[in-house]
file coords_39.txt (compact mmCIF, C-alpha atoms and all ligand atoms)
# COMPACT_ATOMS: atom_id res chain seq x y z
CA VAL A 5 125.90 84.19 31.18
CA ASN A 6 128.23 87.09 30.43
CA TYR A 7 131.79 86.06 31.16
CA PRO A 8 134.28 88.90 31.73
CA THR A 9 136.66 89.40 28.78
CA PRO A 10 140.13 88.33 29.92
CA PRO A 11 142.65 91.21 30.02
CA SER A 12 144.98 89.16 27.80
CA PHE A 13 142.34 89.19 25.04
CA LEU A 14 142.01 92.96 25.28
CA ARG A 15 145.78 93.22 25.05
CA ALA A 16 145.74 91.10 21.88
CA VAL A 17 143.11 93.43 20.41
CA THR A 18 145.25 96.46 21.29
CA LEU A 19 148.37 94.92 19.75
CA ASP A 20 146.45 94.22 16.53
CA ALA A 21 145.19 97.80 16.41
CA SER A 22 148.77 99.11 16.05
CA ASP A 23 150.03 96.30 13.78
CA PRO A 24 151.66 97.80 10.64
CA LEU A 25 151.17 94.46 8.83
CA ALA A 26 147.48 94.00 9.65
CA GLU A 27 146.33 94.81 6.11
CA TYR A 28 148.56 92.09 4.60
CA ARG A 29 146.12 89.43 5.79
CA GLY A 30 144.06 90.49 2.77
CA ARG A 31 146.86 89.23 0.51
CA PHE A 32 146.01 85.62 1.43
CA VAL A 33 143.12 83.29 0.78
CA LEU A 34 142.43 81.44 4.04
CA PRO A 35 139.34 79.45 4.99
CA ASP A 36 136.97 80.92 7.58
CA ASN A 37 137.20 79.43 11.05
CA VAL A 38 140.80 78.35 10.62
CA ILE A 39 143.76 79.67 12.58
CA TYR A 40 146.70 78.61 10.50
CA LEU A 41 149.80 77.98 12.60
CA ASP A 42 151.56 75.75 10.07
CA GLY A 43 153.03 78.32 7.68
CA ASN A 44 156.43 76.97 8.78
CA SER A 45 155.53 73.75 6.97
CA LEU A 46 153.28 74.81 4.07
CA GLY A 47 152.56 78.51 3.62
CA ALA A 48 149.04 79.80 2.92
CA LEU A 49 147.74 80.53 -0.59
CA PRO A 50 148.39 84.14 -1.65
CA VAL A 51 145.74 86.07 -3.55
CA GLY A 52 146.37 86.06 -7.28
CA VAL A 53 148.11 82.68 -7.53
CA ALA A 54 145.01 80.75 -8.60
CA GLU A 55 144.23 83.32 -11.30
CA ARG A 56 147.83 83.31 -12.52
CA MET A 57 147.82 79.50 -12.72
CA GLN A 58 144.57 79.58 -14.64
CA GLN A 59 146.22 81.91 -17.15
CA VAL A 60 149.43 79.86 -17.30
CA ILE A 61 147.55 76.61 -17.89
CA THR A 62 144.84 77.72 -20.27
CA GLN A 63 146.66 80.44 -22.21
CA GLU A 64 150.40 79.99 -21.93
CA TRP A 65 150.35 76.21 -22.04
CA GLY A 66 146.98 75.57 -23.71
CA VAL A 67 147.27 78.14 -26.49
CA GLY A 68 150.90 79.27 -26.52
CA LEU A 69 152.17 75.67 -26.33
CA ILE A 70 155.92 75.38 -26.78
CA ARG A 71 156.10 78.97 -28.04
CA SER A 72 155.59 80.13 -24.43
CA TRP A 73 159.19 79.30 -23.50
CA ASN A 74 159.97 82.49 -25.44
CA SER A 75 156.72 84.41 -25.78
CA ALA A 76 155.67 84.04 -22.12
CA ASP A 77 159.25 84.31 -20.84
CA TRP A 78 159.22 80.87 -19.26
CA TYR A 79 162.86 80.23 -20.01
CA PRO A 80 164.43 82.93 -17.74
CA ALA A 81 162.04 82.22 -14.83
CA PRO A 82 164.61 80.41 -12.60
CA ILE A 83 166.76 83.54 -12.57
CA ARG A 84 163.85 85.97 -12.47
CA VAL A 85 162.28 84.28 -9.45
CA GLY A 86 165.72 83.92 -7.86
CA SER A 87 166.05 87.67 -8.14
CA GLN A 88 162.70 88.16 -6.33
CA ILE A 89 163.92 85.90 -3.49
CA SER A 90 167.33 87.59 -3.34
CA LYS A 91 165.68 90.73 -1.97
CA LEU A 92 164.31 88.81 1.00
CA ILE A 93 167.61 87.16 1.93
CA GLY A 94 170.13 89.97 1.59
CA ALA A 95 171.67 88.76 -1.68
CA ASP A 96 172.26 90.40 -5.06
CA SER A 97 169.84 89.57 -7.86
CA ASP A 98 172.43 87.54 -9.79
CA GLU A 99 173.38 85.35 -6.82
CA VAL A 100 170.17 83.32 -6.44
CA VAL A 101 168.54 80.78 -8.72
CA VAL A 102 165.37 78.74 -8.21
CA CYS A 103 165.44 75.06 -9.15
CA ASP A 104 165.07 71.49 -7.88
CA SER A 105 164.40 70.65 -4.23
CA THR A 106 166.30 71.80 -1.13
CA SER A 107 167.78 68.31 -0.80
CA VAL A 108 169.13 68.32 -4.36
CA ASN A 109 170.41 71.88 -4.07
CA LEU A 110 172.14 71.03 -0.81
CA PHE A 111 173.84 68.12 -2.56
CA LYS A 112 174.99 70.42 -5.37
CA VAL A 113 176.19 73.16 -3.03
CA LEU A 114 177.97 70.89 -0.55
CA THR A 115 179.78 69.01 -3.30
CA SER A 116 180.80 72.21 -5.07
CA ALA A 117 181.88 73.88 -1.83
CA LEU A 118 183.97 70.89 -0.74
CA ARG A 119 185.66 70.72 -4.15
CA LEU A 120 186.30 74.45 -4.03
CA ALA A 121 187.90 74.22 -0.58
CA GLN A 122 190.02 71.27 -1.71
CA SER A 123 191.13 73.10 -4.83
CA VAL A 124 192.78 75.64 -2.51
CA SER A 125 194.24 73.05 -0.13
CA THR A 126 194.02 69.25 -0.41
CA GLN A 127 194.47 69.16 3.38
CA ARG A 128 190.92 70.42 3.82
CA ASN A 129 188.96 67.20 4.19
CA ILE A 130 186.46 67.76 7.02
CA LEU A 131 182.79 68.65 6.69
CA ILE A 132 180.94 69.78 9.83
CA ALA A 133 177.16 69.28 9.88
CA GLU A 134 174.41 68.71 12.46
CA ARG A 135 173.27 65.40 13.94
CA ASP A 136 169.73 66.57 14.76
CA ASN A 137 169.13 68.80 11.76
CA PHE A 138 166.16 68.04 9.50
CA PRO A 139 167.06 64.48 8.42
CA THR A 140 167.51 65.24 4.70
CA ASN A 141 170.40 67.56 5.58
CA THR A 142 172.22 64.87 7.52
CA TYR A 143 171.51 62.22 4.87
CA THR A 144 172.82 64.53 2.13
CA ALA A 145 175.92 65.51 4.11
CA SER A 146 176.78 61.87 4.72
CA SER A 147 176.30 60.88 1.08
CA VAL A 148 178.44 63.79 -0.13
CA ALA A 149 181.14 62.96 2.45
CA GLU A 150 181.16 59.34 1.30
CA LEU A 151 181.30 60.26 -2.40
CA LEU A 152 184.19 62.70 -1.95
CA GLY A 153 186.00 60.72 0.75
CA VAL A 154 185.89 63.51 3.33
CA GLU A 155 185.39 63.11 7.07
CA LEU A 156 181.96 64.09 8.38
CA VAL A 157 181.90 65.57 11.90
CA LEU A 158 178.41 65.88 13.39
CA ILE A 159 177.59 68.27 16.21
CA ASP A 160 174.32 68.84 18.10
CA SER A 161 172.22 71.60 16.54
CA ILE A 162 172.56 75.11 18.00
CA ASP A 163 175.22 73.94 20.48
CA VAL A 164 177.51 76.90 19.92
CA ALA A 165 180.22 75.63 22.30
CA ALA A 166 180.33 72.23 20.53
CA LEU A 167 180.51 73.97 17.16
CA ASP A 168 183.31 76.22 18.34
CA SER A 169 185.39 73.27 19.56
CA ALA A 170 184.70 71.19 16.44
CA ILE A 171 185.81 74.10 14.23
CA HIS A 172 188.97 74.71 16.21
CA ALA A 173 189.78 71.00 16.47
CA ALA A 174 189.52 70.68 12.68
CA GLY A 175 191.48 73.92 12.06
CA GLU A 176 193.15 73.96 8.66
CA ARG A 177 191.64 70.57 7.82
CA LEU A 178 188.16 72.07 7.88
CA ALA A 179 186.66 72.53 4.41
CA VAL A 180 182.99 73.35 4.95
CA VAL A 181 180.52 74.03 7.77
CA SER A 182 176.89 73.29 6.84
CA LEU A 183 174.15 74.38 9.25
CA THR A 184 170.45 75.16 9.23
CA GLN A 185 169.90 78.61 10.69
CA VAL A 186 166.66 77.72 12.51
CA ASN A 187 166.21 74.17 13.77
CA TYR A 188 163.06 72.57 12.37
CA LYS A 189 162.01 71.10 15.70
CA SER A 190 163.08 73.43 18.48
CA GLY A 191 162.91 76.69 16.50
CA ALA A 192 166.29 77.71 18.00
CA ARG A 193 168.39 79.97 15.78
CA TYR A 194 172.08 80.49 15.12
CA ASP A 195 173.65 83.94 14.97
CA MET A 196 174.45 83.95 11.25
CA ALA A 197 177.14 86.64 11.33
CA ALA A 198 179.07 85.25 14.31
CA THR A 199 178.86 81.64 13.11
CA THR A 200 179.96 82.49 9.57
CA ASP A 201 182.90 84.46 11.02
CA LEU A 202 183.84 81.46 13.14
CA ALA A 203 183.95 79.15 10.09
CA HIS A 204 185.92 81.75 8.14
CA SER A 205 188.41 82.18 11.01
CA VAL A 206 189.98 78.80 10.09
CA GLY A 207 189.56 79.35 6.35
CA ALA A 208 186.46 77.15 5.90
CA LEU A 209 183.45 77.88 3.70
CA MET A 210 179.99 78.39 5.19
CA VAL A 211 176.77 76.85 3.85
CA TRP A 212 173.41 77.84 5.37
CA ASP A 213 170.02 76.16 4.99
CA LEU A 214 167.38 78.91 5.14
CA CYS A 215 164.24 76.73 5.00
CA HIS A 216 162.93 78.20 8.26
CA SER A 217 164.41 81.68 7.73
CA ALA A 218 163.46 82.96 4.26
CA GLY A 219 160.32 85.08 4.53
CA ALA A 220 160.22 84.68 8.32
CA PHE A 221 162.69 87.43 9.28
CA PRO A 222 165.43 89.54 7.61
CA VAL A 223 168.31 87.38 6.37
CA LEU A 224 171.48 89.28 5.47
CA LEU A 225 173.59 86.83 3.47
CA ASN A 226 176.03 89.31 1.98
CA ASP A 227 176.32 91.44 5.11
CA CYS A 228 177.28 88.23 6.93
CA ASP A 229 179.72 87.29 4.15
CA VAL A 230 178.02 83.92 3.62
CA ASP A 231 179.47 81.68 0.90
CA PHE A 232 176.50 79.46 -0.06
CA ALA A 233 172.89 78.93 0.95
CA VAL A 234 169.86 76.85 0.03
CA GLY A 235 166.25 76.90 1.13
CA CYS A 236 162.74 75.89 0.25
CA SER A 237 159.98 78.19 -0.94
CA TYR A 238 156.88 76.37 0.29
CA LYS A 239 157.08 77.49 3.94
CA TYR A 240 157.18 81.23 4.77
CA LEU A 241 157.54 82.12 1.07
CA ASN A 242 154.14 80.52 0.35
CA GLY A 243 155.16 79.00 -3.01
CA GLY A 244 152.77 76.02 -2.71
CA PRO A 245 153.21 72.29 -2.08
CA GLY A 246 156.52 71.05 -3.47
CA ALA A 247 157.42 74.51 -4.85
CA PRO A 248 160.98 74.62 -6.25
CA ALA A 249 163.83 75.50 -3.90
CA PHE A 250 166.44 78.25 -4.14
CA LEU A 251 170.20 78.24 -4.15
CA PHE A 252 172.61 81.11 -3.39
CA VAL A 253 176.26 81.34 -4.38
CA ALA A 254 178.20 84.48 -3.44
CA LYS A 255 179.45 86.21 -6.56
CA ARG A 256 183.10 85.77 -5.54
CA HIS A 257 182.73 81.97 -5.86
CA GLN A 258 180.58 81.71 -8.96
CA LYS A 259 183.38 81.44 -11.51
CA ALA A 260 185.12 78.64 -9.66
CA MET A 261 181.95 76.69 -8.74
CA ARG A 262 181.42 73.40 -10.53
CA ASN A 263 177.95 71.93 -10.53
CA PRO A 264 178.25 68.21 -9.71
CA LEU A 265 174.95 67.57 -11.50
CA GLN A 266 175.92 69.05 -14.85
CA GLY A 267 172.94 69.34 -17.15
CA TRP A 268 171.97 71.24 -20.25
CA HIS A 269 170.30 74.15 -18.44
CA GLY A 270 173.62 74.91 -16.72
CA HIS A 271 175.41 75.08 -20.09
CA VAL A 272 176.42 78.48 -21.43
CA ALA A 273 174.47 77.77 -24.65
CA PRO A 274 171.93 74.98 -24.04
CA PHE A 275 170.43 75.25 -27.49
CA ALA A 276 173.78 74.82 -29.22
CA PHE A 277 173.40 71.12 -28.25
CA THR A 278 177.13 70.52 -28.10
CA SER A 279 178.51 67.39 -26.46
CA GLU A 280 181.16 69.26 -24.46
CA PHE A 281 179.88 70.85 -21.22
CA VAL A 282 180.79 74.53 -20.96
CA PRO A 283 179.28 76.02 -17.79
CA HIS A 284 177.29 79.22 -17.83
CA VAL A 285 179.29 82.19 -16.56
CA GLY A 286 177.02 83.04 -13.63
CA ILE A 287 174.67 81.43 -11.12
CA ASP A 288 172.83 79.69 -14.02
CA ARG A 289 175.60 77.09 -13.97
CA MET A 290 173.92 75.60 -10.90
CA LEU A 291 170.87 74.64 -12.98
CA THR A 292 170.60 71.07 -14.19
CA GLY A 293 167.47 70.14 -16.16
CA THR A 294 164.23 71.74 -17.30
CA ALA A 295 162.51 73.76 -14.59
CA SER A 296 159.31 72.60 -12.96
CA GLN A 297 157.63 75.47 -14.75
CA LEU A 298 154.15 75.38 -13.20
CA GLY A 299 155.58 75.38 -9.69
CA LEU A 300 158.03 78.10 -10.56
CA LEU A 301 155.34 80.40 -11.99
CA ALA A 302 153.06 79.77 -9.00
CA LEU A 303 155.94 80.78 -6.73
CA GLU A 304 156.59 83.90 -8.78
CA ALA A 305 152.97 84.98 -8.31
CA ALA A 306 153.01 84.02 -4.62
CA LEU A 307 156.07 86.18 -3.88
CA HIS A 308 154.03 89.30 -4.67
CA ALA A 309 152.56 88.91 -1.18
CA PHE A 310 155.94 90.32 -0.03
CA ASP A 311 155.80 93.40 -2.28
CA ASP A 312 156.57 96.52 -0.18
CA VAL A 313 156.92 94.47 3.01
CA ASP A 314 159.60 95.64 5.42
CA MET A 315 161.20 92.45 6.76
CA ASN A 316 162.04 94.29 10.00
CA ASP A 317 158.29 94.71 10.57
CA VAL A 318 157.88 90.98 9.88
CA ARG A 319 160.47 90.18 12.56
CA SER A 320 158.96 92.57 15.13
CA LYS A 321 155.51 91.12 14.63
CA SER A 322 156.79 87.55 14.76
CA MET A 323 158.45 88.29 18.12
CA SER A 324 155.31 89.95 19.44
CA LEU A 325 153.06 87.03 18.37
CA ILE A 326 155.43 84.51 19.91
CA ASP A 327 155.89 86.45 23.15
CA LEU A 328 152.10 86.52 23.54
CA PHE A 329 151.81 82.81 22.71
CA ILE A 330 154.44 81.75 25.26
CA GLU A 331 153.02 84.05 27.91
CA LEU A 332 149.53 82.57 27.41
CA VAL A 333 150.88 79.02 27.42
CA ASP A 334 152.55 79.77 30.77
CA GLU A 335 149.40 81.37 32.20
CA GLU A 336 146.62 79.23 30.77
CA LEU A 337 148.17 75.80 30.30
CA ALA A 338 150.11 75.46 33.56
CA GLY A 339 149.45 72.04 35.07
CA TYR A 340 148.58 70.31 31.77
CA GLY A 341 152.05 68.84 31.18
CA PHE A 342 153.38 71.13 28.43
CA GLY A 343 157.01 72.20 28.14
CA VAL A 344 158.43 75.01 25.97
CA LEU A 345 161.34 73.67 23.90
CA THR A 346 161.99 76.90 21.98
CA PRO A 347 164.36 79.44 23.57
CA ARG A 348 162.50 82.14 25.47
CA GLU A 349 165.03 84.81 24.40
CA SER A 350 163.60 86.22 21.18
CA ASP A 351 166.98 86.78 19.48
CA GLN A 352 167.71 83.05 19.85
CA ARG A 353 164.72 81.75 17.95
CA GLY A 354 163.11 81.85 14.51
CA SER A 355 159.38 82.23 13.88
CA GLN A 356 158.03 79.03 15.38
CA VAL A 357 157.40 77.62 18.85
CA ALA A 358 157.78 74.00 19.84
CA LEU A 359 155.84 72.73 22.83
CA THR A 360 156.51 69.29 24.24
CA HIS A 361 153.84 66.95 25.60
CA GLU A 362 153.79 63.18 26.04
CA HIS A 363 150.45 63.08 24.15
CA GLY A 364 151.54 65.60 21.54
CA TYR A 365 150.12 63.68 18.58
CA PRO A 366 146.45 63.31 19.64
CA ILE A 367 146.46 66.84 21.10
CA THR A 368 147.62 68.22 17.73
CA GLN A 369 144.90 66.24 15.92
CA ALA A 370 142.19 67.43 18.33
CA LEU A 371 143.34 71.01 17.85
CA ILE A 372 143.28 70.64 14.05
CA ALA A 373 139.72 69.27 14.29
CA CYS A 374 138.78 72.56 15.99
CA GLY A 375 140.36 74.60 13.16
CA VAL A 376 143.66 75.44 14.86
CA ILE A 377 146.24 73.96 12.52
CA GLY A 378 149.73 73.18 13.78
CA ASP A 379 151.75 70.00 13.32
CA PHE A 380 153.51 67.28 15.25
CA ARG A 381 157.11 66.08 15.11
CA ALA A 382 158.02 62.79 16.76
CA PRO A 383 158.50 61.89 19.51
CA ASN A 384 156.67 64.61 21.47
CA VAL A 385 156.82 68.02 19.78
CA LEU A 386 153.81 70.17 18.87
CA ARG A 387 155.00 72.82 16.39
CA PHE A 388 153.33 76.17 15.85
CA GLY A 389 154.53 78.50 13.10
CA PHE A 390 153.91 82.23 13.19
CA ALA A 391 153.65 83.72 9.71
CA PRO A 392 153.32 87.45 10.49
CA LEU A 393 151.72 88.40 7.17
CA TYR A 394 148.47 86.56 7.89
CA LEU A 395 148.22 86.05 11.66
CA SER A 396 146.90 88.38 14.31
CA HIS A 397 147.41 88.53 18.08
CA VAL A 398 143.72 87.68 18.47
CA ASP A 399 144.33 84.49 16.44
CA ILE A 400 147.06 83.56 18.89
CA HIS A 401 144.81 84.19 21.85
CA ARG A 402 142.04 82.06 20.36
CA ALA A 403 144.47 79.26 19.54
CA VAL A 404 145.76 78.98 23.10
CA MET A 405 142.24 79.15 24.54
CA GLN A 406 141.20 76.37 22.17
CA LEU A 407 144.13 74.27 23.33
CA LYS A 408 143.11 74.91 26.94
CA GLU A 409 139.56 73.78 26.19
CA ILE A 410 140.77 70.55 24.61
CA MET A 411 142.93 69.83 27.65
CA GLU A 412 140.20 70.75 30.16
CA SER A 413 137.56 68.60 28.46
CA GLY A 414 139.92 65.69 27.80
CA GLU A 415 138.66 65.74 24.20
CA TRP A 416 142.16 65.09 22.89
CA ASP A 417 141.97 61.53 24.24
CA ASP A 418 139.19 60.48 21.86
CA PRO A 419 140.46 57.35 19.99
CA LYS A 420 139.92 59.07 16.63
CA PHE A 421 142.71 61.53 17.44
CA HIS A 422 145.21 58.74 18.10
CA ALA A 423 145.09 57.29 14.54
CA ARG A 424 148.25 58.32 12.64
CA GLY A 425 148.14 59.72 9.08
CA ALA A 426 151.07 59.32 6.65
CA VAL A 427 152.00 63.01 7.12
CA THR A 428 152.05 64.38 10.67
C1 LIG B 501 165.92 72.31 7.31
C2 LIG B 501 165.21 71.64 6.18
N1 LIG B 501 165.90 71.28 5.09
C3 LIG B 501 165.28 70.68 4.04
C4 LIG B 501 163.93 70.43 4.08
C5 LIG B 501 163.18 69.77 2.96
O1 LIG B 501 163.88 69.49 1.85
P1 LIG B 501 163.10 69.22 0.47
O2 LIG B 501 162.57 70.55 -0.01
O3 LIG B 501 164.14 68.65 -0.40
O4 LIG B 501 161.97 68.28 0.75
C6 LIG B 501 163.19 70.81 5.19
C7 LIG B 501 161.72 70.54 5.21
O5 LIG B 501 161.00 70.81 6.12
C8 LIG B 501 163.84 71.41 6.27
O6 LIG B 501 163.15 71.76 7.37
call {"tool": "encode", "arguments": {"input": "coords_39.txt", "output": "structure tokens", "more": "lines below"}}
Ligand SMILES: Cc1ncc(COP(=O)(O)O)c(C=O)c1O
result
Amino acid sequence: VNYPTPPSFLRAVTLDASDPLAEYRGRFVLPDNVIYLDGNSLGALPVGVAERMQQVITQEWGVGLIRSWNSADWYPAPIRVGSQISKLIGADSDEVVVCDSTSVNLFKVLTSALRLAQSVSTQRNILIAERDNFPTNTYTASSVAELLGVELVLIDSIDVAALDSAIHAAGERLAVVSLTQVNYKSGARYDMAATTDLAHSVGALMVWDLCHSAGAFPVLLNDCDVDFAVGCSYKYLNGGPGAPAFLFVAKRHQKAMRNPLQGWHGHVAPFAFTSEFVPHVGIDRMLTGTASQLGLLALEAALHAFDDVDMNDVRSKSMSLIDLFIELVDEELAGYGFGVLTPRESDQRGSQVALTHEHGYPITQALIACGVIGDFRAPNVLRFGFAPLYLSHVDIHRAVMQLKEIMESGEWDDPKFHARGAVT
């Protein structure tokens, strides 16, 4: 039987034909028969990383041994890789360093920012954060607030009216506002410039988490006058599982910043081995201990996937992929019980879409079994990430059609798809 090709498929083909990023798919190693919609959780493997790791392990480690800290330039890698990331987030090359995890960096940045605000005025003793942010952010904010004896005010994520009133209610008592630009579940996005201005309007400092922003769309930290930022590198930056995180401090604050986790790599002269801590003059002062060198070098190689990429093209393609996805969900999945949690206005979202469904978990598992990989976030969210460097409009079309097939056949309800793994 020859079924007619749906017009939406032909449209996907046409959109791919004029895609300026189409050739970048070749910069990634992806298995055949997989449509990877989870780059918002763990990015795909870029070409060249495996070869670079082979060289690092067998030559630099195996042969060079400890000499490689100098001869293979391992030692400056946190700053060197920070400089690569700075280009993607609108920062200067000496404002970003790569180290530790996002959680640890958030702890360092929040503590330093609160101390900085209090050094200007002891009255500033309020920290605003989000109740329904990724949990580590809320846990970290509450532990920092407890340690420093400041009041933690929690607002609902992306509720701009609630944020505005919390900021104005705190007024001159507000020290720091700490938000994640794109919410991990809904995919809704803050306006970075307007929100940073709002925090600054009462004299507070602004901290952004860019986990779901970096590599997904243009981020303009310095144009927005942001004070501090953190983010991970294993999502849209494709650094690999558990890749080290990054940390940004605007140059104007670097001299006054104190790292609450002082360690020898933040010292101005680590190999002087003195007992008195003298911080490094620049962003290096935010380092603590020895870098996770293998992860750092894998990330450095992975970031070459972004060489010559115009982040405005990345944003345009992300919007186009998502518009097509939502349109197809509306058309093809009507009547199957799905909701769209992500804002439909493209300027109000990041590069992921969250669908809701009461059977979200088994549906996600059934979809993964068919090679369409997304993930699930309790209690009922199916998340799909759109990494524009390696996805096509045809991929999106196929993914939605696969989802429709699973719903039509009832395949999702097979008991094997209900069993929960440790990671969802
Ligand atoms: C907003 C946000 N912050 C932090 C993290 C993770 O922090 P870490 O890298 O310390 O595991 C995530 C992970 O998905 C996240 O979405």
call {"tool": "closest_residue", "arguments": {"input": "coords_39.txt", "among": "A:Tyr365, A:Ile93, A:Pro347, A:Pro10", "to": "Glu335 of chain A", "atoms": "all atoms listed in the file"}}
result
A:Pro10
call {"tool": "residues_around", "arguments": {"input": "coords_39.txt", "residues": "Ile372 of chain A", "least_positions_apart": "2", "cutoff": "12 Å", "atoms": "all atoms listed in the file", "output": "ChimeraX atom specification"}}
result
/A:37-42,365-370,374-380,386,388,403,406-407,410,416,421,428
call {"tool": "residues_near_ligand", "arguments": {"input": "coords_39.txt", "ligand": "ligand LIG 501 (chain B)", "cutoff": "8 Å", "atoms": "all atoms listed in the file", "output": "VMD selection string"}}
result
chain A and resid 45 105 to 109 137 to 141 184 186 to 188 213 to 216 235 to 236 246 248 to 249
call {"tool": "residues_around", "arguments": {"input": "coords_39.txt", "residues": "Thr18 of chain A", "least_positions_apart": "5", "cutoff": "12 Å", "atoms": "all atoms listed in the file", "output": "PyMOL selection string"}}
result
chain A and resi 11-13+23+396-398
call {"tool": "write_last_selection", "arguments": {"input": "coords_39.txt", "atoms": "C-alpha atoms", "output": "JSON list (two decimals), keeping the file's coordinate frame"}}
result
[["chain", "number", "residue", "atom", "x", "y", "z"],
["A", 11, "PRO", "CA", 142.65, 91.21, 30.02],
["A", 12, "SER", "CA", 144.98, 89.16, 27.80],
["A", 13, "PHE", "CA", 142.34, 89.19, 25.04],
["A", 23, "ASP", "CA", 150.03, 96.30, 13.78],
["A", 396, "SER", "CA", 146.90, 88.38, 14.31],
["A", 397, "HIS", "CA", 147.41, 88.53, 18.08],
["A", 398, "VAL", "CA", 143.72, 87.68, 18.47]]
call {"tool": "closest_residue", "arguments": {"input": "coords_39.txt", "among": "A:Leu183, A:Leu202, A:Val33, A:Leu337", "to": "Ala48 of chain A", "atoms": "only C-alpha atoms"}}
result
A:Val33
call {"tool": "residues_near_point", "arguments": {"input": "coords_39.txt", "point": "(171.0, 76.1, -11.8)", "cutoff": "9 Å", "atoms": "all atoms listed in the file", "output": "list in words"}}
result
Pro82, Ile83, Val101, Val102, Cys103, Asp104, Asn109, Leu251, Asn263, Gly267, His269, Gly270, Ile287, Asp288, Arg289, Met290, Leu291, Thr292 and Gly293 of chain A
call {"tool": "residues_around", "arguments": {"input": "coords_39.txt", "residues": "Asp20 of chain A", "least_positions_apart": "3", "cutoff": "10 Å", "atoms": "only C-alpha atoms", "output": "compact mmCIF listing (two decimals) with C-alpha atoms, in the coordinates of the input"}}
result
# COMPACT_ATOMS: atom_id res chain seq x y z
CA LEU A 14 142.01 92.96 25.28
CA ARG A 15 145.78 93.22 25.05
CA ALA A 16 145.74 91.10 21.88
CA VAL A 17 143.11 93.43 20.41
CA ASP A 23 150.03 96.30 13.78
CA PRO A 24 151.66 97.80 10.64
CA LEU A 25 151.17 94.46 8.83
CA ALA A 26 147.48 94.00 9.65
CA LYS A 321 155.51 91.12 14.63
CA LEU A 325 153.06 87.03 18.37
CA LEU A 395 148.22 86.05 11.66
CA SER A 396 146.90 88.38 14.31
CA HIS A 397 147.41 88.53 18.08
CA VAL A 398 143.72 87.68 18.47
CA ASP A 399 144.33 84.49 16.44
call {"tool": "atom_distance", "arguments": {"input": "coords_39.txt", "atom1": "atom CA of Ala208 of chain A", "atom2": "atom CA of Leu158 of chain A"}}
result
15.7 Å
call {"tool": "atom_distance", "arguments": {"input": "coords_39.txt", "atom1": "atom CA of Gln352 of chain A", "atom2": "atom CA of Val230 of chain A"}}
result
19.2 Å
call {"tool": "residues_around", "arguments": {"input": "coords_39.txt", "residues": "Gly47 of chain A", "least_positions_apart": "3", "cutoff": "12 Å", "atoms": "only C-alpha atoms", "output": "JSON, numbers by chain"}}
result
{"A": [32, 33, 34, 40, 41, 42, 43, 44, 50, 215, 216, 218, 219, 220, 236, 237, 238, 239, 240, 241, 242, 243, 244, 245, 246, 247, 303, 306, 307, 309, 377, 378, 389, 390, 391, 392, 393, 394, 395]}
call {"tool": "residues_around", "arguments": {"input": "coords_39.txt", "residues": "Leu92 of chain A", "least_positions_apart": "5", "cutoff": "12 Å", "atoms": "all atoms listed in the file", "output": "ChimeraX atom specification"}}
result
/A:85-87,97,100,214,217-226,237,240-241,250,307-316,318
call {"tool": "atom_distance", "arguments": {"input": "coords_39.txt", "atom1": "atom CA of Trp73 of chain A", "atom2": "atom CA of His284 of chain A"}}
result
19.0 Å
call {"tool": "closest_residue", "arguments": {"input": "coords_39.txt", "among": "A:Ala133, A:Arg262, A:Val180, A:Phe275", "to": "Val157 of chain A", "atoms": "only C-alpha atoms"}}
result
A:Ala133
call {"tool": "residues_near_point", "arguments": {"input": "coords_39.txt", "point": "(155.2, 81.9, -16.0)", "cutoff": "10 Å", "atoms": "all atoms listed in the file", "output": "ChimeraX atom specification"}}
result
/A:56-57,59-61,64-65,72-73,76-81,85,297-305
call {"tool": "closest_residue", "arguments": {"input": "coords_39.txt", "among": "A:Gly354, A:Gly175, A:Gly52, A:Gly153", "to": "Arg193 of chain A", "atoms": "only C-alpha atoms"}}
result
A:Gly354
call {"tool": "closest_residue", "arguments": {"input": "coords_39.txt", "among": "A:Ile326, A:Ala382, A:Val113, A:Leu178", "to": "Ala145 of chain A", "atoms": "only C-alpha atoms"}}
result
A:Val113
call {"tool": "closest_residue", "arguments": {"input": "coords_39.txt", "among": "A:Val164, A:Ile130, A:Thr278, A:Leu151", "to": "Val206 of chain A", "atoms": "all atoms listed in the file"}}
result
A:Ile130
